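What follows is a short report on a single structure.
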Amino acid sequence: MHSMTGYGQLKASYRGLQLEMNIKSVNGRHLEIRFHLPKEYISLEILFREKIEKLFRRGTVDVYVSRKGGLVSKKKKLLVNEPLAQAYFQGVQKLAKRFKLSPAIPVDIFLRIPEMFMAEDSAGVDPAEKKWVLTQFQQSLEKCVSERNREGMALQRELLKLQSAFEHLVESMLKIKSQLNEELLVKYQERLEKKWKTLELDPQRLLQEVAMMIEKSDIEEELTRLKEHLRNCRQILTGPESEGKKLEFYTQELLREINTIGSKSNAFKLTQMVVESKTILEKIREQIQNVE
């Protein structure tokens, strides 16, 4: 099991370059990656993202990179203002036609036109530094993964503990279910006999009415579904994969069944168990929010 909470930090130097990387991840419904990079490493964002997506499935991940010192290769790129050149050319052609002059235009005329040519700096890092930075990023990422795994083990222990407590409550409900039905039988019989004591009652009809009341209050089906959901949860918790979304789904289903039992409860003892169950489920829900 993996947590979505982790942190990986790395500081390194290379040819006078001081590099610091911080990768921080917190819980999130989907995988969201946010980069905070120096301009020299903007082109590496795609490669960084690919490495993260291979290891993370969910969570909000912030990547902070600081670069100080080092050499940056600068290449001059010549930009030609072609729209401006076209406008000059058309203007000269128009004048030549109007005044019957030669339409020949010497090339050097364009060199004298302001803003016709511009030199742009193209900053970047050399291939050796790029390879080194990617290696440092991988190490920082692995530190974050290691922290997520460590947190995941702690989450697993806590969730299994809560799971056992919930299973114990379900077993207790199963044990008192028959007793509760017997108590309901006596209670409903007394209620019906008191209500209809002045009337002649058909014993068969009385039994039917009592049976219908008990059926409405019976929690057998809810307890059966609870046991099945808990079995699935335990398989996920002890399995090789981290399935936070599935655990969220089963937690909602467990709460649904407990709420139904609570609405059917006519016994103080069962109501107490329902309240305890909801308390445990709330703790489980809080912990699952951090499971990847």
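Residue numbering restarts at 1 for every chain of the structure tokens, chains are lettered A, B, ... in their displayed order, and ligands are numbered from 1 as they appear.
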Find the residues near A:Ile23: any atom within 6 Å, counting only C-alpha atoms, skip ones fewer than 2 places away on the same chain, and give them as a ChimeraX atom specification.
/A:7-8,62-63
Excluding same-chain residues fewer than 6 positions from A:Leu47, what lies within 12 Å of it counting only C-alpha atoms, as a tab-separated table (two decimals) with N, CA and C atoms, in the first residue's frame?
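Contents of around.tsv, as written:
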```
chain	number	residue	atom	x	y	z
A	35	PHE	N	4.87	22.08	-11.98
A	35	PHE	CA	6.32	22.30	-12.05
A	35	PHE	C	6.67	23.75	-11.73
A	41	TYR	N	15.57	24.77	-17.63
A	41	TYR	CA	15.09	23.39	-17.58
A	41	TYR	C	13.64	23.23	-18.05
A	53	GLU	N	4.81	9.93	-13.89
A	53	GLU	CA	3.63	9.15	-14.26
A	53	GLU	C	3.90	7.65	-14.25
A	54	LYS	N	5.15	7.25	-14.36
A	54	LYS	CA	5.48	5.82	-14.27
A	54	LYS	C	5.36	5.30	-12.85
A	130	LYS	N	22.29	18.07	-18.97
A	130	LYS	CA	20.93	17.54	-19.09
A	130	LYS	C	20.86	16.11	-18.56
A	131	LYS	N	21.82	15.28	-18.95
A	131	LYS	CA	21.85	13.89	-18.49
A	131	LYS	C	22.03	13.83	-16.98
A	133	VAL	N	21.20	16.20	-14.77
A	133	VAL	CA	20.00	16.71	-14.11
A	133	VAL	C	18.92	15.63	-14.05
A	134	LEU	N	18.75	14.89	-15.13
A	134	LEU	CA	17.75	13.82	-15.15
A	134	LEU	C	18.08	12.73	-14.14
A	135	THR	N	19.36	12.46	-13.96
A	135	THR	CA	19.77	11.47	-12.94
A	135	THR	C	19.44	11.97	-11.55
A	137	PHE	N	17.14	14.13	-10.76
A	137	PHE	CA	15.68	14.13	-10.61
A	137	PHE	C	15.18	12.74	-10.25
A	138	GLN	N	15.72	11.72	-10.90
A	138	GLN	CA	15.32	10.34	-10.62
A	138	GLN	C	15.61	9.98	-9.17
```
Go through stretch 38-114 of chain A and flag each residue having an atom no more than 12 Å from stretch 9-13 of chain A; for those, report the closest pair of atoms plus their distance in Å to one decimal, using only C-alpha atoms, ordered by chain and rising number, as a Markdown table.
```
| residue | atom | partner | partner_atom | distance |
| --- | --- | --- | --- | --- |
| A:Asp62 | CA | A:Gln9 | CA | 11.9 |
| A:Val63 | CA | A:Gln9 | CA | 10.1 |
| A:Tyr64 | CA | A:Gln9 | CA | 9.5 |
| A:Val65 | CA | A:Leu10 | CA | 9.7 |
| A:Ser66 | CA | A:Lys11 | CA | 9.5 |
| A:Arg67 | CA | A:Ser13 | CA | 9.7 |
| A:Lys68 | CA | A:Ser13 | CA | 9.5 |
| A:Gly69 | CA | A:Ser13 | CA | 9.6 |
| A:Gly70 | CA | A:Ser13 | CA | 9.2 |
```
Distance criterion (only C-alpha atoms): nearest to A:His2 out of A:Leu111, A:Leu37, A:Leu19, A:Leu237
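Among the listed residues, A:Leu237 lies closest to A:His2.
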Based on DSSP run over this structure's backbone, return all residues of stretch 32-153 of chain A in strand (DSSP E), as a ChimeraX atom specification.
/A:32-36,59-69,73-80,117-124
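The protein and nucleic acid residues lying at most 6 Å from A:Gly152 are Met1, His2, Ser3 and Arg148 of chain A, with only C-alpha atoms considered and sequence neighbours fewer than 4 positions away removed.
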Just write the chosen residues, C-alpha atoms, as a PDB file, in the first residue's frame.
```pdb
ATOM      1  CA  MET A   1       0.000   0.000   0.000  1.00  0.00           C
ATOM      2  CA  HIS A   2       1.241   3.465  -0.887  1.00  0.00           C
ATOM      3  CA  SER A   3       0.399   6.819   0.627  1.00  0.00           C
ATOM      4  CA  ARG A 148       5.182   7.374   0.227  1.00  0.00           C
TER       5      ARG A 148
END
```
What's the 9 Å shell around stretch 248-258 of chain A, counting only C-alpha atoms, without same-chain residues fewer than 5 positions away, as number ranges by chain?
A: 222-223, 225-226, 229-230, 232-233, 243, 263, 274-275, 277-278, 281-282, 284-285, 288-289
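Reported to one decimal place, the separation of atom CA of A:Leu55 from atom CA of A:Leu141 is 8.9 Å.
When only C-alpha atoms are used to measure the gap to A:Glu129, the shortest distance among A:Ala165, A:Leu17, A:Ile236, A:Met4 belongs to A:Leu17.
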From the list A:Gly239, A:Gly91, A:Pro106, A:Pro114, which residue is nearest A:Gln156 when using only C-alpha atoms?
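Among A:Gly239, A:Gly91, A:Pro106, A:Pro114, it is A:Gly239 that comes nearest to A:Gln156.
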Option closest in space to A:Thr271, from A:Pro240, A:Met173, A:Val291, A:Arg150 [counting only C-alpha atoms]
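Once distances to A:Thr271 are computed over only C-alpha atoms, the minimum belongs to A:Met173.
Pairwise distance (atom CA of A:Val61, atom CA of A:Leu31) equals 7.6 Å.
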Within 12 Å of A:Phe89 using only C-alpha atoms, minus same-chain residues under 5 positions, as a list in words
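Here the answer would be Glu82, Pro83, Leu84, Lys94, Leu95, Ala96, Pro103, Ala104, Ile105, Pro106, Val107, Ile109, Phe110 and Ile113 of chain A.
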Residues from last step as file, C-alpha atoms, as an mmCIF file, in the first residue's frame:
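Below is the file that was written, selection09.cif:
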```cif
data_model
loop_
_atom_site.group_PDB
_atom_site.id
_atom_site.type_symbol
_atom_site.label_atom_id
_atom_site.label_comp_id
_atom_site.auth_asym_id
_atom_site.auth_seq_id
_atom_site.Cartn_x
_atom_site.Cartn_y
_atom_site.Cartn_z
ATOM 1 C CA GLU A 82 9.665 39.078 -43.613
ATOM 2 C CA PRO A 83 6.391 41.083 -43.532
ATOM 3 C CA LEU A 84 8.432 44.292 -43.298
ATOM 4 C CA LYS A 94 5.192 50.608 -57.068
ATOM 5 C CA LEU A 95 7.546 53.621 -57.302
ATOM 6 C CA ALA A 96 9.526 52.031 -60.129
ATOM 7 C CA PRO A 103 12.709 47.640 -60.639
ATOM 8 C CA ALA A 104 16.052 46.103 -59.580
ATOM 9 C CA ILE A 105 16.549 46.325 -55.800
ATOM 10 C CA PRO A 106 20.036 45.808 -54.347
ATOM 11 C CA VAL A 107 20.071 43.360 -51.437
ATOM 12 C CA ILE A 109 19.145 48.062 -49.078
ATOM 13 C CA PHE A 110 17.499 45.690 -46.628
ATOM 14 C CA ILE A 113 16.236 49.129 -42.849
#
```
Given the choices A:Arg15, A:Lys269, A:Lys51, A:Lys39, which gets closest to A:Gln139 if the distance is worked out from only C-alpha atoms?
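Ranked by minimum distance to A:Gln139, first place goes to A:Lys51.
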Give me, please, the distance in Å between atom CA of A:Lys245 and atom CA of A:Gly59, quoted to one decimal.
11.9 Å
Taking 5 positions as the minimum chain separation for residues in the same chain, which residues sit within 9 Å of A:Gln287 when counting only C-alpha atoms? Answer as a ChimeraX atom specification.
/A:155,158-159,282
